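Okay, so here's the structure we're looking at.
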Amino acid sequence: MTARRVRNAAFWSACSLAFLCVAAPTLSMLISVFHQAVPALGWSLLFKRTNSIGIQNAILGTLLLLLGVLILAGGVGVAAGVYLAEFATGRHERFLRFFSEILAGMPSIVIGYIGYITLVVQFHWGFSLAAAVISLSILVLPYVVKTTEVALRQVPTFLREASAGLGLSSTTTVWRILLPPALPGIVSGLIVALAISTGELAPLLFTAGFSDQNPSLALVHHQLPYLTNVIFTDLSLPGARARATSAAAGAVTLVLLIILIAVGRLVSRGARRATARMTI
Amino acid sequence: MSITTEARPEPSAPPRPARRRLPGIGADRSVRSVLLVAAIIPTAALAFLIYQMVKTAWPAVIFNGVGFFTTKTFTIGNLYATGTEVHHGYTAAKGASYGILPLVFGTVVSSFIAVILAVPVSVGGAILLAERIPVRLQGVLGTFLELLAGIPSVVFGLWGIYTFGPLLSRTLYKWIAALHIPWFTGPTGAGEGMLTASLVLAVMIVPIIASTTRELVRSVPAISKEGALALGLTSSETVRIVTIPYVRTGVVAASILGLARALGETIAVLIISGNFLNAYPHSIFDPFSTMASTIAAFLDSALTDSTGMAVHSLAEVGLVLLAITLVANLAGRMLSRRFSGAGLPVGRGV
């Protein structure tokens with residue numbers, strides 16, 4: 001009996017140790033990045049550009065990228081998710097969903113490389129906002145599709161039946177009946193897509209370029225500064241100043257991510273409440 | 001469930017007077033086709049990426065032949081030399097040689113080490129989180145997983161090169177190296193190298209495996225667990241006899257997805273690996289390179305090759321990487337079809 005109790009205790013201590021191995025690096029990473037960023041922190045970070053001592057242009061560039069991804073990947077992804085959840089049937093539904101999930105496993109550097117070969121070189125767009133947004137959108141599209149589909153599937157079937165019984169067209173049913181309760185789930189999926197976009201570098205390295213100027217709204221032929229590039233480039237530059245700037249850009253990226261995760265949590269809590277309200 | 005199917009008369013039904021169409025039904029078809037186009041885009045994008053990769057890589061596939069997989073020197077050649085290298089009708093710079101054996105080795109070995117380290121940690125942590133932690137705390141502690149899944153790979157690199165790597169090379173690596181086990185001994189350097197990269201990769205894929213395991217553990221029927229406890233099993237025996245068999249397939253599938261992610265990881269490895277080309281690492285502490293990090297590291301210089309063969313060869317590296325990760329992804333998804341319940345996360349396990 002005692003041997004079993006000892007084994008039991010040993011098992012759960014091993015599990016606790018395992019959990020510690022997850023939590024410790026996370027904490028260490030946050031502390032390390034913010035600690036290294038301390039020398040560069042200050043308002044100048046937000047109001048000066050990368051040619052002096054700030055990262056204003058990179059922050060604006062990243063926000064611009066997020067807006068682009070929200071429009072492109074959001075629009076296409078939500079539409080695709082609605083189709084898969086509500087209209088597609090049988091084999092071609094499985095086919096489309098399967099390949100969308102396979103796309104999610106595509107290495108991001110491959111997407112960046114093709115983005116470079118195709119958009120930057122063949123289309124003569126140069127390093128540009130359009131090339132960057134399209135590459136990033138392809139990367140995050142499967143997430144948006146998946147979360148939209150899952151959110152719609154959680155809406156109970158009787159709503160669809162009632163709507164059909166009242167003679168509403170399927171478009172109206174989706175738009176007026178199914179989307180409102182699914183909205184929190186869809187939004188939290190979009191937030192995940194934005195979080196991934198904030199932190200990606202590999203697809204942008206060869207599509208966005210970099211510039212010390214603030215980003216312009218021009219779609220092509222204008223290079224775009226963004227945060228992860230500052231982290232990466234300044235990391236390998238000599239001097240304490242560059243290293244601090246790199247860490248500061250990392251800290252700003254993490255703050256953006258934490259905000260996104262927090263908003264996502266609030267929204268998904270709303271999603272759970274909405275689902276609870278629908279089930280009678 | 002749509003009206004259009006209802007409006008179609010049954011063959012046996014008596015002919016009905018033409019029915020006035022409800023407003024909105026006409027628009028249905030066009031909306032549906034717009035949505036269908038959107039739904040095809042991910043699949044089309046996948047097909048386009050593969051097609052474009054094959055097309056770009058094709059000259060290199062012909063030029064390099066089998067040597068691509070059997071030689072270990074990856075160099076774009078002497079761009080200032082007179083004359084060029086011609087194989088099978090394709091031209092490259094003088095002395096160019098494209099062999100990716102060390103890159104394949106680095107990619108596969110570092111990813112496997114990462115998965116081997118990540119699986120027990122994720123499964124243990126997830127079981128603890130789902131079974132033992134009070135529900136009130138689960139949300140807070142689960143935030144660690146969410147945060148970890150969201151942290152950018154370049155930040156992993158920043159942490160690995162300045163904090164994690166130096167710390168380990170001063171302590172743990174010194175102790176391991178002092179044991180003089182072959183392959184686990186030798187100079188430990190400043191912490192750039194294969195073991196640090198594998199450890200960082202392991203931390204990166206923990207969220208994928210852990211979040212899947214957590215969902216699966218939660219979906220184990222309470223009846224089975226209660227039955228096991230009622231028979232007098234301890235909680236750890238219940239986990240071993242009831243929970244683990246229930247979640248096993250799902251965990252394996254998630255681990256394969258994690259492997260695919262580790263294989264394709266670029267930036268973190270680029271920063272931490274130490275970029276060691278054209279030879280194999282002598283020990284687990286030595287610098288190395290992976291396929292993905294080489295693509296990122298080499299493209300700038302590849303563009304200076306006027307024959308274009310360097311760009312084609314990098315595309316061939318990408319093609320091999322693509323093939324390996326797609327196979328891993330397919331395997332994971334096929335396997336996951338065998339179990340129902342929580343679906344596999346897409347990509348990063350967020």
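Following the order of the structure tokens, chains are lettered A, B, ..., residues in each are numbered from 1, and ligands are numbered from 1.
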Which residues of chain A are close to chain B, meaning at most 6 Å apart when you count only C-alpha atoms, and how do they look as a PyMOL selection string?
chain A and resi 8+15+18-19+29+76+79-80+83+99-100+103-105+107+169-171+199
Can you pull out the residues contacting Ile284 in chain B? Cut-off 7 Å, using only C-alpha atoms, and skip same-chain residues under 6 positions away; I want them as a compact mmCIF listing (two decimals) with N, CA and C atoms, in the first residue's frame.
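Okay, this is what ended up in around-v3.txt:
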# COMPACT_ATOMS: atom_id res chain seq x y z
N TRP B 183 29.90 11.93 -28.43
CA TRP B 183 28.85 12.75 -29.03
C TRP B 183 28.27 13.75 -28.03
N PHE B 184 28.47 13.51 -26.72
CA PHE B 184 27.97 14.45 -25.71
C PHE B 184 29.11 15.15 -25.00
N MET B 194 23.62 22.83 -31.39
CA MET B 194 22.52 21.93 -31.65
C MET B 194 21.65 21.69 -30.42
N LEU B 195 22.28 21.47 -29.25
CA LEU B 195 21.47 21.14 -28.08
C LEU B 195 20.60 22.34 -27.68
Can you list, as a tab-separated table (two decimals) with C-alpha atoms, in the first residue's frame, every protein, DNA or RNA residue that comes within 7 Å of Thr173 in chain A when you count only C-alpha atoms, leaving out same-chain residues fewer than 4 positions away?
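Now in part.tsv:
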chain	number	residue	atom	x	y	z
A	160	ARG	CA	-31.33	26.62	-38.82
A	163	SER	CA	-35.21	29.74	-39.90
A	168	LEU	CA	-35.82	32.53	-44.88
A	169	SER	CA	-33.25	32.02	-47.61
A	177	ILE	CA	-29.54	34.06	-37.52
A	178	LEU	CA	-26.24	32.17	-37.42
I need the residue nearest Leu41 in chain A from this list: A:Gly270, A:Pro156, A:Gly250, A:Gly264. Use only C-alpha atoms for the distance.
A:Gly250
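Among the candidates A:Ala40, A:Ala242, A:Leu179, A:Val145, the residue lying nearest to Leu159 in chain A is A:Leu179 (atoms considered: only C-alpha atoms).
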Of the candidates A:Pro142, A:Gly209, A:Gly189, A:Pro215, which shows the shortest atom-to-atom distance to Phe98 in chain A, using only C-alpha atoms?
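Of all the options, A:Pro142 lies closest to Phe98 in chain A.
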